[in-house]
$ cat work11.tsv   # TSV, C-alpha atoms
chain	number	residue	atom	x	y	z
A	245	MET	CA	-145.60	86.24	-300.36
A	246	ALA	CA	-143.82	88.48	-302.84
A	247	ASP	CA	-140.13	89.34	-302.84
A	248	TYR	CA	-139.21	92.86	-303.97
A	249	PHE	CA	-135.89	93.61	-305.67
A	250	THR	CA	-133.78	96.67	-306.39
A	251	GLN	CA	-131.12	95.81	-308.94
A	252	PHE	CA	-128.36	97.72	-310.68
A	253	SER	CA	-125.06	97.26	-312.41
A	254	CYS	CA	-122.81	100.14	-313.45
A	255	ILE	CA	-119.21	101.25	-313.86
A	256	PHE	CA	-117.84	104.13	-311.81
A	257	ASP	CA	-114.38	105.06	-313.08
A	258	VAL	CA	-112.13	106.55	-310.40
A	259	GLY	CA	-109.22	106.93	-312.82
A	260	SER	CA	-106.46	104.75	-311.41
A	261	ALA	CA	-105.55	101.61	-309.49
A	262	GLU	CA	-104.48	103.82	-306.58
A	263	ASN	CA	-107.91	105.43	-306.45
A	264	ALA	CA	-109.54	102.00	-306.72
A	265	ALA	CA	-107.58	100.94	-303.62
A	266	LEU	CA	-108.72	104.11	-301.84
A	267	ALA	CA	-112.29	103.30	-302.92
A	268	ALA	CA	-112.00	99.98	-301.06
A	269	THR	CA	-111.05	101.92	-297.91
A	270	ILE	CA	-113.96	104.34	-298.40
A	271	TYR	CA	-116.30	101.37	-298.92
A	272	GLY	CA	-115.18	99.88	-295.58
A	273	GLU	CA	-115.59	103.22	-293.79
A	274	LEU	CA	-119.08	103.67	-295.24
A	275	ALA	CA	-120.02	100.15	-294.16
A	276	VAL	CA	-119.02	100.96	-290.57
A	277	GLU	CA	-120.84	104.32	-290.69
A	278	LEU	CA	-124.08	102.75	-291.95
A	279	ASP	CA	-123.89	99.97	-289.39
A	280	GLN	CA	-123.42	102.45	-286.53
A	281	GLU	CA	-125.97	105.03	-287.73
A	282	GLU	CA	-128.66	102.85	-289.31
A	283	GLY	CA	-127.86	99.31	-288.23
A	284	THR	CA	-127.77	98.25	-291.85
A	285	ASP	CA	-125.35	96.67	-294.30
A	286	LEU	CA	-124.17	98.39	-297.45
A	287	GLY	CA	-126.70	97.88	-300.21
A	288	PHE	CA	-124.22	97.12	-302.98
A	289	GLU	CA	-120.97	95.39	-303.79
A	290	PHE	CA	-118.12	96.53	-305.97
A	291	GLU	CA	-115.00	95.17	-307.55
A	292	VAL	CA	-112.43	96.46	-310.01
A	293	ASP	CA	-113.37	95.58	-313.60
A	294	LEU	CA	-110.00	95.46	-315.37
A	295	GLU	CA	-111.74	95.02	-318.72
A	296	HIS	CA	-112.83	98.67	-318.40
A	297	GLY	CA	-109.59	99.94	-316.78
A	298	SER	CA	-107.63	99.76	-313.54
A	299	GLY	CA	-109.84	102.42	-311.95
A	300	ALA	CA	-113.16	101.03	-313.19
A	301	LEU	CA	-115.34	99.99	-310.27
A	302	TRP	CA	-118.18	97.64	-311.13
A	303	ILE	CA	-120.93	98.57	-308.66
A	304	HIS	CA	-123.79	96.09	-308.52
A	305	SER	CA	-126.63	94.54	-306.57
A	306	ASP	CA	-128.53	91.39	-307.45
A	307	GLU	CA	-131.51	91.76	-305.15
A	308	ASN	CA	-131.60	94.28	-302.33
A	309	GLY	CA	-129.67	97.24	-303.65
A	310	GLU	CA	-129.69	100.61	-301.96
A	311	PRO	CA	-129.18	103.38	-304.54
A	312	GLU	CA	-128.76	105.94	-301.74
A	313	HIS	CA	-125.74	104.00	-300.50
A	314	VAL	CA	-124.21	104.09	-303.99
A	315	ILE	CA	-124.76	107.85	-304.16
A	316	LYS	CA	-123.07	108.33	-300.76
A	317	PHE	CA	-120.17	106.14	-301.85
A	318	VAL	CA	-119.67	107.92	-305.18
A	319	LEU	CA	-119.80	111.37	-303.57
A	320	LYS	CA	-117.37	110.31	-300.80
A	321	CYS	CA	-114.99	108.97	-303.47
A	322	ALA	CA	-115.34	112.20	-305.46
A	323	GLU	CA	-114.46	114.24	-302.38
A	324	ARG	CA	-111.49	112.17	-301.21
A	325	MET	CA	-110.09	111.71	-304.74
A	326	ASN	CA	-110.92	115.24	-305.92
A	327	LEU	CA	-112.85	113.87	-308.91
A	328	SER	CA	-114.73	116.08	-311.34
A	329	GLY	CA	-117.13	115.49	-314.21
A	330	VAL	CA	-120.37	113.58	-314.02
A	331	SER	CA	-121.36	110.07	-313.08
A	332	GLY	CA	-124.70	108.36	-313.24
A	333	PHE	CA	-126.49	105.09	-312.90
A	334	THR	CA	-129.90	103.50	-313.23
A	335	TRP	CA	-131.69	100.90	-311.16
A	336	GLY	CA	-134.65	98.66	-311.64
A	337	LEU	CA	-137.42	97.72	-309.25
A	338	SER	CA	-139.02	94.34	-309.69
A	339	CYS	CA	-140.89	91.66	-307.83
A	340	SER	CA	-141.19	87.89	-307.74
A	341	ARG	CA	-144.95	88.24	-308.22
A	342	LEU	CA	-147.04	90.50	-310.40
A	343	ARG	CA	-147.94	93.49	-308.23
A	344	LEU	CA	-149.21	96.84	-309.47
A	345	ASP	CA	-146.79	98.82	-307.32
A	346	ALA	CA	-143.74	96.60	-307.73
A	347	PHE	CA	-142.15	97.53	-311.04
A	348	GLY	CA	-140.30	100.62	-312.12
A	349	GLY	CA	-136.93	102.21	-311.98
A	350	SER	CA	-134.98	105.37	-311.49
A	351	ALA	CA	-131.83	107.15	-312.59
A	352	GLN	CA	-129.49	109.63	-310.98
A	353	ILE	CA	-126.83	111.93	-312.48
A	354	LEU	CA	-124.22	113.34	-310.08
A	355	ASP	CA	-121.87	116.29	-310.50
A	356	LEU	CA	-118.68	114.94	-308.96
A	357	GLY	CA	-116.94	118.30	-308.70
A	358	ARG	CA	-119.83	120.01	-306.91
A	359	ARG	CA	-120.70	116.80	-305.00
A	360	GLU	CA	-124.39	117.05	-305.76
A	361	THR	CA	-127.23	115.61	-307.78
A	362	LEU	CA	-127.76	117.19	-311.18
A	363	HIS	CA	-130.80	115.20	-312.29
A	364	TRP	CA	-132.88	112.26	-311.16
A	365	ILE	CA	-135.99	110.56	-312.37
A	366	ASP	CA	-138.37	108.04	-310.88
A	367	CYS	CA	-140.20	106.26	-313.68
A	368	SER	CA	-143.41	105.62	-311.73
A	369	ASN	CA	-143.77	109.27	-310.72
A	370	TRP	CA	-142.85	110.39	-314.24
A	371	VAL	CA	-145.66	108.29	-315.75
A	372	ILE	CA	-148.19	109.70	-313.26
A	373	GLU	CA	-147.04	113.28	-313.90
A	374	GLN	CA	-147.10	112.89	-317.68
A	375	MET	CA	-150.54	111.29	-317.65
A	376	ALA	CA	-151.87	114.22	-315.58
A	377	VAL	CA	-150.33	116.77	-317.95
A	378	HIS	CA	-151.75	115.08	-321.01
A	379	GLU	CA	-155.19	114.50	-319.51
A	380	ASN	CA	-155.39	118.23	-318.76
A	381	HIS	CA	-153.87	119.34	-322.08
A	382	PRO	CA	-154.45	116.58	-324.68
A	383	ALA	CA	-153.84	118.92	-327.64
A	384	GLU	CA	-150.24	119.44	-326.48
A	385	PHE	CA	-149.48	115.72	-326.42
A	386	GLN	CA	-146.69	114.85	-328.83
A	387	PRO	CA	-145.71	111.18	-328.96
A	388	THR	CA	-141.97	110.60	-328.95
A	389	SER	CA	-139.79	107.84	-330.25
A	390	ILE	CA	-137.58	107.65	-327.17
A	391	GLY	CA	-136.50	104.06	-326.81
A	392	VAL	CA	-137.83	103.06	-330.23
A	393	ALA	CA	-135.18	101.68	-332.55
A	394	GLU	CA	-134.86	103.24	-336.00
A	395	GLY	CA	-137.04	101.33	-338.46
A	396	ALA	CA	-139.12	99.72	-335.69
A	397	PRO	CA	-142.90	100.12	-335.71
A	398	GLY	CA	-143.69	103.51	-334.18
A	399	ALA	CA	-140.28	104.97	-334.97
A	400	ALA	CA	-140.04	108.42	-336.48
A	401	PRO	CA	-139.60	108.33	-340.28
$ encode --input "work11.tsv" --output "structure tokens"
Amino acid sequence: MADYFTQFSCIFDVGSAENAALAATIYGELAVELDQEEGTDLGFEFEVDLEHGSGALWIHSDENGEPEHVIKFVLKCAERMNLSGVSGFTWGLSCSRLRLDAFGGSAQILDLGRRETLHWIDCSNWVIEQMAVHENHPAEFQPTSIGVAEGAPGAAP
């Protein structure tokens, strides 16, 4: 039997120790809400990471993370704390066994002031979409060096 994992680790800066304390209250309220509405536990943990500041919340999950819960939490914090700017995080999907459908990841960028998603990407869907585009229009294919370190094989000169 295979075990599937959703993992992430990110910093969400709420600006102050006071807001970090309010975040703990919001976290508790969200936990109760999810338990009552979905019968589920929160799919992440958080703690203040003083190395990054008194308002820096380290949000993480080792195994069974729920990115949607993080998004709800961040947007609730933004609303209650009147935060603005952007925040984002990435997560990875993995498995204890090699399965074709078990690996990937996603990312989400949130506009805190408007309380909405600006951008998101699912890597598995992106690969499928890009392969379809390039199979239909191979002359337009332009390899990129995204993720390739300068001087590494395949890097742009």
$ atom_distance --input "work11.tsv" --atom1 "CA of Leu274 in chain A" --atom2 "CA of Val330 in chain A"
21.3 Å
$ atom_distance --input "work11.tsv" --atom1 "CA of Leu286 in chain A" --atom2 "CA of Gln352 in chain A"
18.4 Å
$ residues_around --input "work11.tsv" --residues "range 339-346 of chain A" --least-positions-apart "6" --cutoff "7 Å" --atoms "all atoms listed in the file" --output "ChimeraX atom specification"
/A:246-249
$ closest_residue --input "work11.tsv" --among "A:Leu362, A:Ile255, A:Leu337, A:Leu278" --to "Gly309 in chain A" --atoms "all atoms listed in the file"
A:Leu337
$ closest_residue --input "work11.tsv" --among "A:Glu323, A:Glu277, A:Glu291, A:Glu373" --to "Arg359 in chain A" --atoms "all atoms listed in the file"
A:Glu323
$ residues_around --input "work11.tsv" --residues "Trp364 in chain A" --least-positions-apart "4" --cutoff "8 Å" --atoms "only C-alpha atoms" --output "ChimeraX atom specification"
/A:350-353
$ closest_residue --input "work11.tsv" --among "A:Val377, A:Leu301, A:Ala275, A:Leu356" --to "Ser328 in chain A" --atoms "all atoms listed in the file"
A:Leu356
$ closest_residue --input "work11.tsv" --among "A:Gly332, A:Gly272, A:Pro311, A:Gly283" --to "His363 in chain A" --atoms "only C-alpha atoms"
A:Gly332
$ atom_distance --input "work11.tsv" --atom1 "CA of Ser368 in chain A" --atom2 "CA of Asn380 in chain A"
18.8 Å
$ residues_around --input "work11.tsv" --residues "Asn326 in chain A" --least-positions-apart "5" --cutoff "10 Å" --atoms "all atoms listed in the file" --output "list in words"
Val258, Leu319, Lys320, Cys321, Leu356, Gly357 and Arg359 of chain A
$ closest_residue --input "work11.tsv" --among "A:Asn263, A:Ile372, A:Gly297, A:His304" --to "Arg324 in chain A" --atoms "all atoms listed in the file"
A:Asn263
$ closest_residue --input "work11.tsv" --among "A:Met245, A:Ala376, A:Cys254, A:Cys367" --to "Trp302 in chain A" --atoms "only C-alpha atoms"
A:Cys254
